[in-house]
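Novice: The file below is entry.txt, compact mmCIF, C-alpha atoms:
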```txt
# COMPACT_ATOMS: atom_id res chain seq x y z
CA MET W 1 -7.01 29.38 -2.78
CA ALA W 2 -8.37 27.40 -5.72
CA ASP W 3 -5.05 25.77 -6.49
CA ASP W 4 -4.32 24.63 -2.94
CA PRO W 5 -3.65 20.87 -2.67
CA ILE W 6 -6.60 18.75 -1.55
CA GLN W 7 -5.96 17.16 1.82
CA VAL W 8 -5.05 13.48 1.62
CA LEU W 9 -7.73 11.86 3.72
CA ALA W 10 -7.63 8.68 5.79
CA PRO W 11 -9.51 5.79 4.10
CA ARG W 12 -12.60 6.12 6.30
CA LEU W 13 -12.84 9.82 5.40
CA ASN W 14 -12.03 9.50 1.71
CA PRO W 15 -14.94 9.52 -0.79
CA TYR W 16 -12.63 9.36 -3.81
CA LEU W 17 -11.27 6.19 -5.44
CA ILE W 18 -10.07 5.34 -8.95
CA GLY W 19 -8.63 2.25 -10.58
CA HIS W 20 -10.74 -0.40 -8.85
CA GLU W 21 -14.04 -0.21 -10.68
CA SER W 22 -14.00 -3.95 -11.47
CA ALA W 23 -13.70 -4.81 -7.76
CA GLU W 24 -16.67 -2.56 -7.00
CA ARG W 25 -18.71 -4.21 -9.72
CA GLU W 26 -17.86 -7.67 -8.35
CA PHE W 27 -19.11 -6.70 -4.90
CA LEU W 28 -22.28 -5.12 -6.29
CA SER W 29 -22.93 -8.18 -8.47
CA ALA W 30 -22.63 -10.45 -5.43
CA TRP W 31 -24.94 -8.15 -3.48
CA ASP W 32 -27.58 -8.11 -6.22
CA SER W 33 -27.40 -11.88 -6.67
CA GLY W 34 -28.29 -12.52 -3.05
CA ARG W 35 -25.21 -14.75 -2.69
CA LEU W 36 -23.10 -12.37 -0.65
CA ALA W 37 -20.02 -13.73 1.10
CA HIS W 38 -19.88 -12.88 4.80
CA ALA W 39 -16.15 -12.09 4.63
CA TRP W 40 -14.13 -10.31 1.95
CA LEU W 41 -10.35 -10.30 1.63
CA LEU W 42 -9.00 -7.25 -0.21
CA ALA W 43 -5.45 -8.18 -1.17
CA GLY W 44 -2.77 -6.21 -2.97
CA PRO W 45 0.24 -3.92 -2.55
CA ARG W 46 0.27 -1.22 0.10
CA GLY W 47 -1.10 2.19 -0.78
CA ILE W 48 -3.28 1.34 -3.80
CA GLY W 49 -6.69 2.02 -2.21
CA LYS W 50 -7.65 -1.29 -0.57
CA ALA W 51 -8.79 0.25 2.71
CA THR W 52 -10.61 3.04 0.90
CA LEU W 53 -12.54 0.40 -1.04
CA ALA W 54 -13.25 -1.58 2.14
CA TYR W 55 -14.88 1.48 3.70
CA ARG W 56 -16.90 2.08 0.55
CA MET W 57 -18.19 -1.50 0.70
CA ALA W 58 -18.97 -1.18 4.41
CA ARG W 59 -20.83 2.11 3.95
CA TYR W 60 -22.87 0.64 1.13
CA ALA W 61 -23.93 -2.32 3.26
CA LEU W 62 -24.83 -0.08 6.19
CA SER W 63 -26.96 2.12 3.93
CA GLN W 64 -29.14 -0.81 2.81
CA SER W 65 -32.35 -1.60 4.61
CA GLY W 66 -33.31 -5.04 5.87
CA GLY W 67 -35.76 -5.75 3.06
CA ALA W 68 -36.16 -5.04 -0.65
CA ASP W 69 -36.47 -1.42 -1.65
CA ASN W 70 -39.76 -1.71 -3.53
CA ASP W 71 -42.45 0.92 -3.69
CA MET W 72 -45.41 1.81 -5.90
CA PHE W 73 -43.01 2.89 -8.63
CA GLY W 74 -41.02 -0.35 -8.57
CA ALA W 75 -37.45 -1.02 -7.46
CA PRO W 76 -34.91 1.77 -7.98
CA PRO W 77 -32.19 1.22 -10.60
CA LYS W 78 -29.29 -0.89 -9.42
CA PRO W 79 -26.19 1.17 -8.56
CA THR W 80 -23.06 0.75 -10.63
CA SER W 81 -20.71 2.33 -8.10
CA LEU W 82 -20.16 2.36 -4.36
CA ALA W 83 -19.63 6.12 -4.33
CA MET W 84 -21.41 7.99 -1.55
CA SER W 85 -21.55 11.69 -0.79
CA PRO W 86 -19.50 12.76 2.26
CA GLU W 87 -22.66 14.55 3.41
CA ASP W 88 -24.63 11.31 3.57
CA PRO W 89 -25.51 10.49 7.20
CA VAL W 90 -24.06 6.98 6.90
CA PHE W 91 -20.79 8.35 5.49
CA ARG W 92 -20.52 10.92 8.27
CA ARG W 93 -21.22 8.46 11.08
CA VAL W 94 -18.73 5.89 9.77
CA ALA W 95 -16.13 8.65 9.35
CA SER W 96 -16.64 9.75 12.96
CA MET W 97 -16.77 6.11 14.18
CA GLY W 98 -20.23 6.87 15.51
CA HIS W 99 -22.26 4.25 13.65
CA ALA W 100 -23.67 1.67 16.06
CA ASP W 101 -23.41 -1.13 13.49
CA PHE W 102 -19.83 -0.48 12.41
CA ARG W 103 -16.42 -1.31 13.84
CA SER W 104 -12.92 -0.58 12.56
CA ILE W 105 -9.85 -2.47 13.76
CA GLU W 106 -6.29 -1.35 13.13
CA ARG W 107 -2.96 -1.17 14.90
CA PRO W 108 -3.36 0.89 18.10
CA TRP W 109 -1.32 3.96 18.88
CA SER W 110 1.84 3.35 20.87
CA ASP W 111 1.81 6.78 22.56
CA ASN W 112 -0.72 9.25 23.93
CA LYS W 113 0.18 11.84 21.30
CA GLN W 114 -0.84 9.40 18.53
CA THR W 115 2.35 9.92 16.53
CA LYS W 116 3.27 6.26 16.02
CA ARG W 117 1.35 3.01 15.88
CA LYS W 118 2.27 -0.35 17.34
CA THR W 119 3.70 -2.93 14.97
CA VAL W 120 0.83 -5.43 15.29
CA ILE W 121 -2.89 -5.74 15.95
CA GLY W 122 -3.28 -7.58 19.24
CA VAL W 123 -6.04 -9.73 20.62
CA ASP W 124 -7.33 -6.83 22.72
CA GLU W 125 -8.28 -4.99 19.55
CA VAL W 126 -10.43 -7.86 18.25
CA ARG W 127 -11.78 -9.19 21.55
CA GLU W 128 -14.93 -7.07 21.42
CA LEU W 129 -16.00 -8.50 18.06
CA GLY W 130 -17.78 -11.42 19.67
CA GLY W 131 -20.01 -9.17 21.74
CA PHE W 132 -20.58 -6.74 18.89
CA LEU W 133 -21.63 -9.50 16.47
CA SER W 134 -23.84 -11.24 19.01
CA MET W 135 -26.15 -8.23 19.15
CA THR W 136 -29.03 -7.53 16.81
CA PRO W 137 -28.17 -4.74 14.34
CA ALA W 138 -29.09 -1.48 16.03
CA GLU W 139 -30.64 -0.07 12.88
CA GLY W 140 -32.26 -3.24 11.60
CA GLY W 141 -29.96 -3.68 8.63
CA TRP W 142 -26.38 -4.90 8.41
CA ARG W 143 -23.30 -4.78 10.59
CA ALA W 144 -19.86 -4.21 9.08
CA ILE W 145 -16.28 -4.55 10.28
CA VAL W 146 -13.10 -3.34 8.55
CA ILE W 147 -9.76 -4.82 9.66
CA ASP W 148 -6.86 -2.77 8.30
CA ALA W 149 -4.59 -4.58 7.91
CA ALA W 150 -5.43 -8.19 8.68
CA ASP W 151 -1.90 -9.41 7.92
CA GLU W 152 -0.70 -7.22 10.81
CA MET W 153 -2.59 -9.29 13.40
CA ASN W 154 -0.57 -11.30 15.87
CA PRO W 155 -1.40 -15.05 16.24
CA ASN W 156 -3.85 -14.56 19.09
CA ALA W 157 -5.75 -11.85 17.22
CA ALA W 158 -5.79 -13.96 14.05
CA ASN W 159 -7.25 -16.92 15.93
CA ALA W 160 -9.92 -14.69 17.45
CA VAL W 161 -10.94 -13.49 13.97
CA LEU W 162 -10.88 -17.07 12.69
CA LYS W 163 -13.39 -18.06 15.35
CA VAL W 164 -15.74 -15.36 14.07
CA LEU W 165 -15.28 -16.58 10.49
CA GLU W 166 -15.99 -20.17 11.49
CA GLU W 167 -19.37 -19.17 12.96
CA PRO W 168 -20.43 -16.18 10.88
CA PRO W 169 -23.43 -14.32 12.31
CA ASP W 170 -26.35 -13.30 10.14
CA ARG W 171 -26.35 -9.90 8.41
CA ALA W 172 -22.73 -9.16 9.26
CA LEU W 173 -19.88 -8.46 6.86
CA LEU W 174 -16.14 -8.54 7.54
CA PHE W 175 -13.74 -6.72 5.23
CA LEU W 176 -10.11 -7.80 5.69
CA VAL W 177 -7.45 -5.60 4.10
CA ALA W 178 -4.14 -7.38 3.48
CA HIS W 179 -0.90 -6.05 2.01
CA ASN W 180 0.53 -9.58 2.00
CA ALA W 181 -2.29 -12.12 2.07
CA ASP W 182 0.17 -15.02 2.31
CA ARG W 183 0.87 -13.99 5.90
CA LEU W 184 -2.70 -14.78 6.87
CA LEU W 185 -3.69 -18.18 8.20
CA PRO W 186 -4.79 -20.45 5.32
CA THR W 187 -8.00 -21.10 7.25
CA ILE W 188 -8.75 -17.37 7.27
CA ARG W 189 -8.06 -17.03 3.56
CA SER W 190 -10.26 -20.02 2.74
CA ARG W 191 -13.25 -18.48 4.51
CA CYS W 192 -13.12 -15.19 2.62
CA ARG W 193 -14.09 -14.17 -0.87
CA ARG W 194 -10.89 -12.73 -2.23
CA LEU W 195 -10.52 -9.60 -4.31
CA ASP W 196 -7.00 -9.32 -5.73
CA MET W 197 -6.46 -5.62 -6.38
CA ARG W 198 -3.87 -4.60 -8.92
CA PRO W 199 -1.41 -1.72 -8.63
CA LEU W 200 -2.60 1.51 -10.20
CA ARG W 201 -1.42 2.49 -13.66
CA GLU W 202 1.13 5.28 -13.91
CA GLN W 203 -1.50 7.55 -15.42
CA GLN W 204 -3.84 6.91 -12.48
CA VAL W 205 -1.08 7.65 -9.96
CA ALA W 206 -0.36 10.88 -11.83
CA ILE W 207 -4.05 11.84 -11.72
CA LEU W 208 -4.11 11.33 -7.96
CA LEU W 209 -0.85 13.23 -7.47
CA ASN W 210 -2.26 16.15 -9.42
CA ARG W 211 -5.36 15.99 -7.24
CA TYR W 212 -3.58 15.86 -3.89
CA ARG W 213 -0.34 17.73 -4.62
CA THR W 214 -1.01 20.61 -7.00
CA ASP W 215 2.22 22.19 -5.78
CA LEU W 216 4.38 19.61 -7.57
CA ASP W 217 6.29 20.34 -10.75
CA PRO W 218 4.76 18.39 -13.70
CA LYS W 219 8.12 16.69 -14.33
CA ASP W 220 8.24 15.55 -10.72
CA VAL W 221 4.69 14.20 -11.04
CA SER W 222 5.76 12.06 -13.98
CA THR W 223 8.79 10.79 -12.07
CA LEU W 224 6.81 10.06 -8.91
CA ALA W 225 4.17 8.22 -10.93
CA VAL W 226 6.89 5.76 -11.97
CA LEU W 227 8.69 5.62 -8.61
CA GLY W 228 5.34 5.01 -6.90
CA ASP W 229 5.25 1.62 -8.64
CA GLY W 230 1.47 1.57 -8.81
CA SER W 231 0.92 2.92 -5.28
CA ILE W 232 -0.38 6.43 -4.68
CA GLY W 233 0.54 6.00 -1.02
CA ARG W 234 4.16 5.35 -1.92
CA ALA W 235 4.20 8.20 -4.43
CA LEU W 236 2.87 10.66 -1.86
CA GLU W 237 5.42 9.50 0.72
CA LEU W 238 8.22 10.02 -1.80
CA ALA W 239 6.88 13.47 -2.60
CA ASP W 240 6.94 14.38 1.09
CA GLU W 241 10.43 12.93 1.55
CA GLY W 242 12.10 14.59 -1.46
CA GLY W 243 12.25 11.23 -3.21
CA VAL W 244 12.74 12.65 -6.71
CA ALA W 245 15.90 14.55 -5.77
CA LEU W 246 17.23 11.61 -3.75
CA PHE W 247 16.63 9.21 -6.65
CA ARG W 248 18.44 11.49 -9.08
CA GLU W 249 21.43 11.72 -6.73
CA LEU W 250 21.41 7.97 -6.28
CA MET W 251 21.41 7.33 -10.03
CA SER W 252 24.11 9.93 -10.61
CA LEU W 253 26.35 8.29 -8.00
CA LEU W 254 25.74 4.77 -9.34
CA GLY W 255 26.71 6.03 -12.77
CA GLU W 256 30.31 6.13 -11.49
CA VAL W 257 30.60 2.40 -10.81
CA PRO W 258 32.89 0.52 -10.59
CA LYS W 259 34.68 3.43 -8.87
CA LEU W 260 32.35 5.41 -6.63
CA SER W 261 33.43 8.88 -5.57
CA ALA W 262 34.29 8.76 -1.87
CA ILE W 263 33.26 12.39 -1.43
CA ARG W 264 29.87 11.89 -3.07
CA LEU W 265 29.36 8.59 -1.26
CA HIS W 266 29.91 10.24 2.12
CA SER W 267 27.69 13.16 1.11
CA LEU W 268 24.80 10.86 0.27
CA GLY W 269 25.47 8.93 3.49
CA ASP W 270 25.17 12.17 5.43
CA GLN W 271 21.78 12.77 3.83
CA ALA W 272 20.67 9.32 4.97
CA MET W 273 21.05 10.51 8.58
CA ARG W 274 18.26 13.09 8.17
CA GLY W 275 14.64 12.24 8.86
CA ASP W 276 13.36 9.36 6.75
CA ALA W 277 16.01 9.74 4.05
CA PHE W 278 17.65 6.38 4.84
CA ARG W 279 14.39 4.50 4.44
CA THR W 280 13.69 6.39 1.21
CA LEU W 281 17.16 5.84 -0.27
CA SER W 282 17.41 2.17 0.68
CA GLY W 283 13.90 1.55 -0.61
CA LEU W 284 14.63 3.28 -3.90
CA LEU W 285 17.90 1.41 -4.36
CA GLY W 286 16.30 -1.99 -3.77
CA TRP W 287 13.30 -1.13 -5.95
CA TRP W 288 15.49 0.08 -8.81
CA LEU W 289 17.71 -3.03 -8.78
CA ALA W 290 14.61 -5.23 -8.85
CA ARG W 291 13.30 -3.19 -11.79
CA VAL W 292 16.56 -3.65 -13.70
CA VAL W 293 16.80 -7.39 -13.03
CA ALA W 294 13.15 -7.91 -14.04
CA ALA W 295 13.63 -5.95 -17.27
CA GLY W 296 16.83 -7.85 -18.00
CA ALA W 297 15.18 -11.22 -17.42
CA ARG W 298 12.50 -10.28 -19.95
CA GLY W 299 15.06 -8.96 -22.40
CA ALA W 300 13.23 -5.64 -22.16
CA ILE W 301 15.94 -3.18 -21.14
CA ASP W 302 15.45 -1.22 -24.37
CA ALA W 303 11.75 -0.92 -23.60
CA MET W 304 12.33 0.22 -20.01
CA SER W 305 11.20 3.82 -19.58
CA GLU W 306 13.92 6.16 -18.39
CA ILE W 307 13.15 7.89 -15.13
CA VAL W 308 16.36 9.90 -15.41
CA PRO W 309 18.65 10.31 -18.44
CA GLY W 310 21.24 7.56 -18.74
CA GLU W 311 19.26 5.05 -16.67
CA ARG W 312 19.07 2.44 -19.43
CA MET W 313 22.79 2.71 -20.12
CA LEU W 314 23.53 2.18 -16.43
CA ALA W 315 21.17 -0.80 -16.36
CA ARG W 316 22.96 -2.39 -19.33
CA ARG W 317 26.33 -1.90 -17.63
CA LEU W 318 25.18 -3.61 -14.45
CA LEU W 319 23.68 -6.58 -16.28
CA ALA W 320 26.77 -6.91 -18.46
CA ALA W 321 29.00 -6.91 -15.37
CA ALA W 322 27.18 -9.60 -13.38
CA PRO W 323 24.45 -12.20 -13.99
CA PRO W 324 20.93 -11.74 -12.60
CA ALA W 325 21.64 -14.20 -9.77
CA ALA W 326 24.47 -11.97 -8.53
CA TRP W 327 22.20 -8.92 -8.56
CA ALA W 328 19.56 -10.91 -6.70
CA ASP W 329 22.16 -11.49 -3.98
CA VAL W 330 22.92 -7.77 -3.88
CA TRP W 331 19.19 -7.04 -3.63
CA ASP W 332 18.91 -9.50 -0.72
CA LYS W 333 21.81 -7.80 1.05
CA ILE W 334 20.25 -4.38 0.62
CA GLY W 335 16.96 -5.62 2.05
CA TYR W 336 18.68 -7.31 4.98
CA LEU W 337 20.70 -4.19 5.82
CA ALA W 338 17.61 -2.00 5.62
CA ARG W 339 15.62 -4.26 7.97
CA ARG W 340 18.54 -4.74 10.35
CA THR W 341 19.29 -1.03 10.51
CA ASP W 342 15.70 -0.26 11.38
CA ALA W 343 15.37 -3.12 13.88
CA VAL W 344 18.46 -2.43 16.01
CA ASN W 345 19.12 1.20 15.11
CA LEU W 346 22.40 0.68 13.25
CA ASP W 347 24.32 3.62 11.83
CA ARG W 348 22.25 4.65 8.81
CA LYS W 349 25.12 6.30 6.97
CA ARG W 350 27.32 3.23 7.25
CA SER W 351 24.45 0.93 6.22
CA LEU W 352 23.73 2.96 3.09
CA MET W 353 27.41 3.02 2.19
CA LEU W 354 27.59 -0.77 2.60
CA MET W 355 24.63 -1.11 0.22
CA LEU W 356 26.29 1.03 -2.42
CA TRP W 357 29.63 -0.72 -1.96
CA SER W 358 27.90 -4.04 -2.63
CA VAL W 359 26.82 -2.66 -6.02
CA GLU W 360 30.33 -1.38 -6.68
CA GLN W 361 31.91 -4.72 -5.79
CA ALA W 362 29.53 -6.66 -8.04
CA VAL W 363 30.60 -4.52 -11.00
CA ALA W 364 34.27 -4.47 -10.01
CA LYS W 365 34.43 -8.28 -10.17
CA SER W 366 33.49 -8.18 -13.84
CA PRO W 367 36.38 -8.97 -16.24
CA ALA W 368 35.40 -5.88 -18.22
CA ALA W 369 36.06 -3.71 -15.19
CA ALA W 370 39.54 -5.09 -14.62
```
If you convert what's in this file into structure tokens, what do you get?
Specialist:
Amino acid sequence: MADDPIQVLAPRLNPYLIGHESAEREFLSAWDSGRLAHAWLLAGPRGIGKATLAYRMARYALSQSGGADNDMFGAPPKPTSLAMSPEDPVFRRVASMGHADFRSIERPWSDNKQTKRKTVIGVDEVRELGGFLSMTPAEGGWRAIVIDAADEMNPNAANAVLKVLEEPPDRALLFLVAHNADRLLPTIRSRCRRLDMRPLREQQVAILLNRYRTDLDPKDVSTLAVLGDGSIGRALELADEGGVALFRELMSLLGEVPKLSAIRLHSLGDQAMRGDAFRTLSGLLGWWLARVVAAGARGAIDAMSEIVPGERMLARRLLAAAPPAAWADVWDKIGYLARRTDAVNLDRKRSLMLMLWSVEQAVAKSPAAA
């Protein structure tokens, strides 16, 4: 059907990217200048298109011949985009991992069914790079490597990549994707040309949601574009996890502070036991508190867009009840509980209730609530 959602493709299969035109132009400018860095660090929040851009850069390099493209009619016009048709032979071979001059490194699967990945990239995944880069390019042009994500490498893997960066081979490009570049070794960062990629604008997230999820209600698209916080990956996850409905329930319950309804609290806790609802709810709660504190610190509560009716009023109540430092402590507690619950498999219902009680207690301590 014409209105069926377009499949959300993995970065190496995805020909579509918006919001990062300036990063593409910077790479193309470096290419045209002849002063091309051998390693590129693509840094920014998760889910904004960093890996998709890395594959676009790699495909472009692999499509270029060893010499200048001059003929009797002169050089062709310089490209202004890294876009490439999915039918292009280079695109298809990279997508199928069948290009002799290309390698992709990412966290390996932890099971034979390929349902879950390991938590880190180990040295085994990067060990073959030395041999790969020591060979002459099979097609006489460039070799390219994408590491997604480089900040997920363990120390041994990071040191192996550093060795490659310290002795960069000719006509080889490394593209390191990093969600948190500060986790990388300083010596790795210093040997890369860095592209800091910004979160997408709400309008851009909405465009992508309408492209990939035509089944969504327009109101939900608008809400998800805000909740996505500049990340189409996050917005799509929330869409799959019923994030809009969960956020509305969360805000409705918080509207009762400083006296939360025990019945509604237990009901939301029960929902946290299903699927990924705990991760979604705890993530939304922490994100929303950070949003409120940031707006309060800027004196911009009145300018804060309302995701749900009454949100600004609730934000004012929380900031009037406790100073930003107190809410920062609550935010820290929520983050700690979320990580601890996931790490040692604590009771998700109890953990969510503890998070919400910490908000209730912060408001209850206010003289105005007495």
Novice: Check the smallest atom-to-atom distance from each of W:Gly296, W:Asp347, W:Glu139, W:Ser282 to Lys333 (chain W) using all atoms listed in the file, then report the winner.
Specialist: W:Ser282
Novice: Using CA of Tyr16 (chain W) and CA of Val221 (chain W) as the two end points, give the distance in Å to one decimal.
Specialist: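 Distance between the two atoms: 19.4 Å.
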Novice: Near Leu173 (chain W), counting all atoms listed in the file, which residues have an atom at most 7 Å away, once you skip same-chain residues fewer than 5 positions from it, shown as a PyMOL selection string?
Specialist: chain W and resi 38-39+143-145
Novice: Figure out the distance between CA of Arg46 (chain W) and CA of Asp111 (chain W), please, to one decimal in Å.
Specialist: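 Separation between CA of Asp111 (chain W) and CA of Arg46 (chain W): 23.9 Å.
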Novice: For Lys365 (chain W), find every residue with an atom within 12 Å (counting all atoms listed in the file), except residues of its own chain fewer than 3 positions away, and show them as a PyMOL selection string.
Specialist: chain W and resi 257-259+318+320-323+326+358-362+368-370
Novice: Using only C-alpha atoms, find each residue in region 83-152 of chain W having at least one atom no more than 9 Å away from region 175-182 of chain W; report its shortest atom-to-atom pair and that distance in Å (one decimal), rows by chain then rising number, as a Markdown table.
Specialist:
```
| residue | atom | partner | partner_atom | distance |
| --- | --- | --- | --- | --- |
| W:Ala144 | CA | W:Phe175 | CA | 7.7 |
| W:Ile145 | CA | W:Phe175 | CA | 6.1 |
| W:Val146 | CA | W:Phe175 | CA | 4.8 |
| W:Ile147 | CA | W:Leu176 | CA | 5.0 |
| W:Asp148 | CA | W:Val177 | CA | 5.1 |
| W:Ala149 | CA | W:Val177 | CA | 4.9 |
| W:Ala150 | CA | W:Ala178 | CA | 5.4 |
| W:Asp151 | CA | W:Ala178 | CA | 5.4 |
| W:Glu152 | CA | W:Ala178 | CA | 8.1 |
```
Novice: With C-alpha atoms retained, could you export that selection as a compact mmCIF listing (two decimals), keeping the file's coordinate frame?
Specialist:
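selection22.txt written:
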```txt
# COMPACT_ATOMS: atom_id res chain seq x y z
CA ALA W 144 -19.86 -4.21 9.08
CA ILE W 145 -16.28 -4.55 10.28
CA VAL W 146 -13.10 -3.34 8.55
CA ILE W 147 -9.76 -4.82 9.66
CA ASP W 148 -6.86 -2.77 8.30
CA ALA W 149 -4.59 -4.58 7.91
CA ALA W 150 -5.43 -8.19 8.68
CA ASP W 151 -1.90 -9.41 7.92
CA GLU W 152 -0.70 -7.22 10.81
```
Novice: Mind giving me the straight-line distance from CA of Val205 (chain W) to CA of Leu314 (chain W) in Å, one decimal?
Specialist: 26.0 Å
Novice: Leaving out Asp101 (chain W) and any residue of its chain fewer than 5 positions from it, which residues lie within 10 Å of it when counting only C-alpha atoms, given as a VMD selection string?
Specialist: chain W and resid 62 94 132 to 133 135 to 145 172
Novice: Which protein, DNA or RNA residues have an atom at most 10 Å from (1.1, 3.7, 2.3), counting all atoms listed in the file? List them as a ChimeraX atom specification.
Specialist: /W:45-49,179,231-237
Novice: Which polymer residues, whether protein, DNA or RNA, lie within 8 Å of the coordinate (-3.8, -7.4, 14.5) when you count only C-alpha atoms? List them as a PDB file with C-alpha atoms, in the frame of the given file, using the chain letters and numbers from the file.
Specialist:
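Okay, this is what ended up in point27.pdb:
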```pdb
ATOM      1  CA  ILE W 105      -9.850  -2.470  13.760  1.00  0.00           C
ATOM      2  CA  GLU W 106      -6.290  -1.350  13.130  1.00  0.00           C
ATOM      3  CA  ARG W 107      -2.960  -1.170  14.900  1.00  0.00           C
ATOM      4  CA  VAL W 120       0.830  -5.430  15.290  1.00  0.00           C
ATOM      5  CA  ILE W 121      -2.890  -5.740  15.950  1.00  0.00           C
ATOM      6  CA  GLY W 122      -3.280  -7.580  19.240  1.00  0.00           C
ATOM      7  CA  VAL W 123      -6.040  -9.730  20.620  1.00  0.00           C
ATOM      8  CA  GLU W 125      -8.280  -4.990  19.550  1.00  0.00           C
ATOM      9  CA  VAL W 126     -10.430  -7.860  18.250  1.00  0.00           C
ATOM     10  CA  ALA W 149      -4.590  -4.580   7.910  1.00  0.00           C
ATOM     11  CA  ALA W 150      -5.430  -8.190   8.680  1.00  0.00           C
ATOM     12  CA  ASP W 151      -1.900  -9.410   7.920  1.00  0.00           C
ATOM     13  CA  GLU W 152      -0.700  -7.220  10.810  1.00  0.00           C
ATOM     14  CA  MET W 153      -2.590  -9.290  13.400  1.00  0.00           C
ATOM     15  CA  ASN W 154      -0.570 -11.300  15.870  1.00  0.00           C
ATOM     16  CA  ALA W 157      -5.750 -11.850  17.220  1.00  0.00           C
ATOM     17  CA  ALA W 158      -5.790 -13.960  14.050  1.00  0.00           C
TER      18      ALA W 158
END
```
Novice: For Leu289 (chain W), which of W:Met355, W:Met197, W:Val244, W:Ala262 is the closest residue, counting all atoms listed in the file?
Specialist: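 So, comparing all the options, the nearest one is W:Met355.
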Novice: Counting all atoms listed in the file, which of W:Leu265, W:Leu36, W:Val293, W:Ala23 gets nearest to Ser81 (chain W)?
Specialist: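 With all atoms listed in the file as the atom set, the closest residue is W:Ala23.
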Novice: Within 12 Å of Arg213 (chain W), counting only C-alpha atoms, which residues qualify if same-chain residues fewer than 2 places away don't, as a PyMOL selection string?
Specialist: chain W and resi 3-8+205-211+215-218+220-221+224+232+235-240
Novice: Those selected residues, please, written with C-alpha atoms and delivered as a compact mmCIF listing (two decimals), keeping the file's coordinate frame.
Specialist:
```txt
# COMPACT_ATOMS: atom_id res chain seq x y z
CA ASP W 3 -5.05 25.77 -6.49
CA ASP W 4 -4.32 24.63 -2.94
CA PRO W 5 -3.65 20.87 -2.67
CA ILE W 6 -6.60 18.75 -1.55
CA GLN W 7 -5.96 17.16 1.82
CA VAL W 8 -5.05 13.48 1.62
CA VAL W 205 -1.08 7.65 -9.96
CA ALA W 206 -0.36 10.88 -11.83
CA ILE W 207 -4.05 11.84 -11.72
CA LEU W 208 -4.11 11.33 -7.96
CA LEU W 209 -0.85 13.23 -7.47
CA ASN W 210 -2.26 16.15 -9.42
CA ARG W 211 -5.36 15.99 -7.24
CA ASP W 215 2.22 22.19 -5.78
CA LEU W 216 4.38 19.61 -7.57
CA ASP W 217 6.29 20.34 -10.75
CA PRO W 218 4.76 18.39 -13.70
CA ASP W 220 8.24 15.55 -10.72
CA VAL W 221 4.69 14.20 -11.04
CA LEU W 224 6.81 10.06 -8.91
CA ILE W 232 -0.38 6.43 -4.68
CA ALA W 235 4.20 8.20 -4.43
CA LEU W 236 2.87 10.66 -1.86
CA GLU W 237 5.42 9.50 0.72
CA LEU W 238 8.22 10.02 -1.80
CA ALA W 239 6.88 13.47 -2.60
CA ASP W 240 6.94 14.38 1.09
```
Novice: I need the residue nearest Leu42 (chain W) from this list: W:Gly286, W:Arg193, W:Ala30, W:Ser104. Use only C-alpha atoms for the distance.
Specialist: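 The closest residue to Leu42 (chain W) is W:Arg193.
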Novice: Quick one: residues within 8 Å of Leu53 (chain W), only C-alpha atoms counted, chain neighbours fewer than 4 positions away excluded, as a PyMOL selection string?
Specialist: chain W and resi 17+24+49+57
